[in-house]
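protein.cif, holding mmCIF, C-alpha atoms:
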data_structure
#
loop_
_atom_site.label_atom_id
_atom_site.label_comp_id
_atom_site.auth_asym_id
_atom_site.auth_seq_id
_atom_site.Cartn_x
_atom_site.Cartn_y
_atom_site.Cartn_z
CA MET A 1 -0.87 6.33 1.08
CA GLY A 2 2.57 7.51 2.30
CA LEU A 3 4.50 5.98 5.14
CA GLU A 4 2.44 4.31 7.79
CA THR A 5 2.44 6.08 11.12
CA HIS A 6 2.80 2.95 13.22
CA ILE A 7 5.89 0.79 13.20
CA PRO A 8 5.17 -2.87 12.52
CA THR A 9 5.98 -5.34 15.23
CA PRO A 10 9.55 -6.58 15.05
CA ARG A 11 9.69 -9.97 13.34
CA CYS A 12 11.27 -13.11 14.69
CA PRO A 13 12.26 -16.11 12.55
CA TRP A 14 11.57 -18.45 15.44
CA THR A 15 7.89 -17.43 15.52
CA GLU A 16 7.21 -17.24 11.77
CA GLY A 17 6.09 -20.86 11.33
CA ARG A 18 9.50 -22.05 10.13
CA MET A 19 10.11 -24.68 12.80
CA ARG A 20 9.24 -28.27 12.11
CA ARG A 21 11.10 -30.19 14.82
CA ALA A 22 11.54 -29.71 18.55
CA SER A 23 15.26 -29.16 17.93
CA ASP A 24 14.32 -26.11 15.83
CA VAL A 25 12.59 -24.38 18.74
CA LEU A 26 15.73 -23.12 20.41
CA PRO A 27 19.21 -22.55 19.06
CA THR A 28 21.65 -25.30 19.92
CA THR A 29 25.21 -23.96 19.65
CA ARG A 30 26.64 -21.42 22.05
CA ASN A 31 26.83 -18.74 19.34
CA GLU A 32 23.27 -19.48 18.20
CA LYS A 33 22.01 -19.17 21.77
CA GLU A 34 23.90 -15.93 22.28
CA ALA A 35 22.64 -14.55 18.96
CA PHE A 36 19.09 -15.49 19.95
CA ILE A 37 19.44 -13.65 23.28
CA TYR A 38 20.72 -10.50 21.57
CA TYR A 39 17.96 -10.76 18.97
CA ARG A 40 15.26 -11.22 21.62
CA ASP A 41 16.63 -8.27 23.60
CA GLY A 42 16.70 -6.20 20.40
CA MET A 43 13.05 -6.99 19.69
CA SER A 44 12.11 -6.07 23.25
CA ALA A 45 13.98 -2.75 23.11
CA GLN A 46 12.52 -2.00 19.67
CA ALA A 47 8.99 -2.67 20.89
CA GLU A 48 9.61 -0.19 23.72
CA GLY A 49 10.91 2.46 21.31
CA GLU A 50 14.49 2.13 22.58
CA TYR A 51 15.96 2.13 19.09
CA ALA A 52 19.63 2.74 19.97
CA GLU A 53 19.57 -0.19 22.38
CA ALA A 54 17.73 -2.34 19.84
CA LEU A 55 20.32 -1.58 17.17
CA GLN A 56 23.18 -2.48 19.52
CA ASN A 57 21.53 -5.83 20.23
CA TYR A 58 20.78 -6.51 16.56
CA TYR A 59 24.37 -5.74 15.56
CA GLN A 60 25.62 -8.17 18.21
CA ALA A 61 23.15 -10.80 17.02
CA MET A 62 24.29 -10.29 13.45
CA ARG A 63 27.92 -10.76 14.49
CA LEU A 64 27.06 -14.20 15.87
CA GLU A 65 24.23 -15.45 13.64
CA VAL A 66 25.28 -17.41 10.56
CA ASP A 67 21.95 -18.72 9.28
CA PRO A 68 20.86 -16.55 6.30
CA TYR A 69 17.15 -16.96 7.08
CA ASP A 70 17.60 -15.82 10.67
CA ARG A 71 19.91 -12.99 9.58
CA SER A 72 17.21 -11.77 7.18
CA TYR A 73 14.97 -10.92 10.14
CA ILE A 74 17.79 -9.06 11.85
CA PHE A 75 18.30 -6.96 8.71
CA TYR A 76 14.55 -6.46 8.37
CA ASN A 77 14.16 -5.22 11.95
CA ILE A 78 17.12 -2.85 11.57
CA GLY A 79 15.37 -1.54 8.45
CA LEU A 80 12.22 -0.93 10.51
CA ILE A 81 14.18 1.19 12.96
CA HIS A 82 15.74 3.29 10.22
CA THR A 83 12.31 3.71 8.60
CA SER A 84 10.83 4.92 11.88
CA ASN A 85 13.73 7.38 12.22
CA GLY A 86 13.06 8.75 8.73
CA GLU A 87 16.36 7.34 7.41
CA HIS A 88 14.82 5.86 4.29
CA THR A 89 18.03 5.30 2.33
CA LYS A 90 19.53 3.32 5.22
CA ALA A 91 16.27 1.44 5.66
CA LEU A 92 16.27 0.43 1.99
CA GLU A 93 19.82 -0.92 2.33
CA TYR A 94 18.77 -3.17 5.20
CA TYR A 95 15.55 -4.31 3.51
CA TYR A 96 17.56 -5.25 0.41
CA GLN A 97 20.01 -7.19 2.57
CA ALA A 98 17.10 -9.00 4.20
CA LEU A 99 15.75 -9.94 0.77
CA ASP A 100 19.18 -11.14 -0.38
CA ARG A 101 19.03 -13.72 2.40
CA ASN A 102 15.30 -14.42 2.27
CA PRO A 103 13.57 -13.44 -1.00
CA ALA A 104 10.22 -14.62 0.40
CA LEU A 105 9.92 -11.84 2.96
CA PRO A 106 6.80 -9.93 1.84
CA GLN A 107 6.96 -7.42 4.67
CA ALA A 108 10.38 -6.22 3.44
CA LEU A 109 9.00 -5.93 -0.10
CA ASN A 110 6.04 -3.95 1.24
CA ASN A 111 8.24 -1.58 3.21
CA ILE A 112 10.45 -0.93 0.18
CA ALA A 113 7.31 -0.17 -1.83
CA VAL A 114 6.04 2.18 0.87
CA ILE A 115 9.31 4.14 0.78
CA TYR A 116 9.26 4.37 -3.02
CA HIS A 117 5.62 5.45 -2.94
CA TYR A 118 6.42 8.10 -0.34
CA ARG A 119 9.30 9.38 -2.46
CA GLY A 120 6.99 9.37 -5.49
CA GLU A 121 4.52 11.55 -3.62
CA GLN A 122 7.32 13.94 -2.65
CA ALA A 123 8.47 14.17 -6.27
CA LEU A 124 4.90 14.79 -7.41
CA GLU A 125 4.42 17.55 -4.83
CA SER A 126 7.60 19.26 -6.04
CA GLY A 127 6.34 19.07 -9.65
CA ASN A 128 8.80 16.42 -10.82
CA ILE A 129 6.36 14.22 -12.76
CA PRO A 130 8.98 11.99 -14.50
CA ASP A 131 10.67 11.07 -11.22
CA SER A 132 7.32 10.52 -9.51
CA GLU A 133 6.28 8.09 -12.25
CA THR A 134 9.56 6.18 -11.94
CA LEU A 135 9.22 5.96 -8.16
CA PHE A 136 5.56 4.94 -8.33
CA GLY A 137 6.56 2.28 -10.87
CA LYS A 138 9.16 0.89 -8.45
CA ALA A 139 6.58 0.90 -5.65
CA ALA A 140 4.19 -1.04 -7.88
CA GLU A 141 6.84 -3.66 -8.69
CA TYR A 142 7.61 -4.32 -5.03
CA TRP A 143 3.96 -4.35 -4.00
CA LYS A 144 3.09 -6.82 -6.75
CA GLU A 145 5.76 -9.19 -5.48
CA ALA A 146 4.68 -8.74 -1.84
CA ILE A 147 1.07 -9.46 -2.84
CA ARG A 148 2.15 -12.51 -4.86
CA LEU A 149 3.82 -13.90 -1.73
CA ALA A 150 1.03 -12.86 0.66
CA PRO A 151 -2.17 -12.43 -1.39
CA LEU A 152 -4.40 -11.78 1.61
CA ASN A 153 -2.25 -8.87 2.85
CA TYR A 154 -1.62 -5.32 1.69
CA SER A 155 -5.18 -4.42 0.74
CA GLU A 156 -4.32 -0.70 0.55
CA ALA A 157 -1.55 -1.48 -1.91
CA GLN A 158 -3.88 -3.72 -3.90
CA ASN A 159 -6.42 -0.89 -4.09
CA TRP A 160 -3.74 1.60 -5.14
CA LEU A 161 -2.48 -0.74 -7.86
CA GLN A 162 -6.03 -1.21 -9.15
CA THR A 163 -7.07 2.44 -9.03
CA THR A 164 -3.86 3.62 -10.71
CA GLY A 165 -3.94 0.86 -13.33
CA ARG A 166 -0.51 -0.43 -12.38
#

Please express what this file holds, its structure, as C-alpha cells.
Amino acid sequence: MGLETHIPTPRCPWTEGRMRRASDVLPTTRNEKEAFIYYRDGMSAQAEGEYAEALQNYYQAMRLEVDPYDRSYIFYNIGLIHTSNGEHTKALEYYYQALDRNPALPQALNNIAVIYHYRGEQALESGNIPDSETLFGKAAEYWKEAIRLAPLNYSEAQNWLQTTGR
C-alpha cells in the first residue's frame, strides 16, 4: 500500500458542506475575510505545487483564523505539504493538530494511517518485525476510525484490514 503518489486536493472548510445559512458562505469580520484570502491563496499555491508559498499563506491564515473547525483544515493542508515533501514526522504533528480541532476529519485519520503503514513496511523490510507489527497496528486503528466516519471511502484500507485480519 505505502504512501500514495498523488497529493490529495487541498481541503476547504467553506466547501465541505458545513454551511447552513447565507451568512456562513463568506467570512464576516475583517480578520475572517483576511484569513479566508490567505487560505484561498494557500490552496491555489498548493494545487500548483508551490509549497513554500502555500505554507506562507497557511501560516498567515492560521495567525488570523480563530474558528477551530476552520483551523483544522489549515493544519490538515499543511500536513499534506509535509507529507508530499517526505517530512512524515512534521506531517503527523499537523494532522494531529487538525484532529484536536476537528475529530471528525477522516482524511487526516487516513493520512496518519498511511504514514504508519509506510513506516511499518520500512520496519518489515529492515527485518524489525516487532516494530512493524506495532506500526501496522497503529495504521489499523486510524483506518478503522476513518472508515467509521466515512464508510464508503478508503476501500484499499478496508481490503488491507480484511486481508490482514486487523

Using the chain letters and residue numbers of this document, give as an NGL selection string the residues selected by the PyMOL selection byres ((chain A and resi 77) around 9). :A and (9-12 or 42-43 or 46 or 55 or 58 or 72-76 or 78-82 or 94-95)

Shell of 10 Å around Lys144 in chain A, all atoms listed in the file, local chain residues under 3 positions omitted, as a list in words: Pro106, Leu109, Asn110, Ala113, Lys138, Ala139, Ala140, Glu141, Ile147, Arg148, Leu149, Ala150, Pro151, Tyr154, Ala157, Gln158, Leu161 and Arg166 of chain A

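With only C-alpha atoms as the basis for measurement, A:Gln107 is the residue among A:Ala45, A:Arg30, A:Glu53, A:Gln107 that approaches Asn153 in chain A most closely.
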
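What separates CA of Phe136 in chain A from CA of Tyr116 in chain A is a distance of 6.5 Å.
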
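Take the candidates A:Ile129, A:Leu99, A:Ile37, A:Val114 and check each one against Met62 in chain A using only C-alpha atoms; the shortest distance goes to A:Ile37.
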
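CA of Leu135 in chain A lies 13.5 Å from CA of Leu92 in chain A.
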
Select all residues near (18.6, -14.1, 1.2) (cut-off 7 Å, inclusive, file coordinates), counting all atoms listed in the file, and output them as an NGL selection string. :A and (68-69 or 72 or 98-103)

Atom-to-atom span, CA of Glu50 in chain A and CA of Ala91 in chain A, Å: 17.0 Å
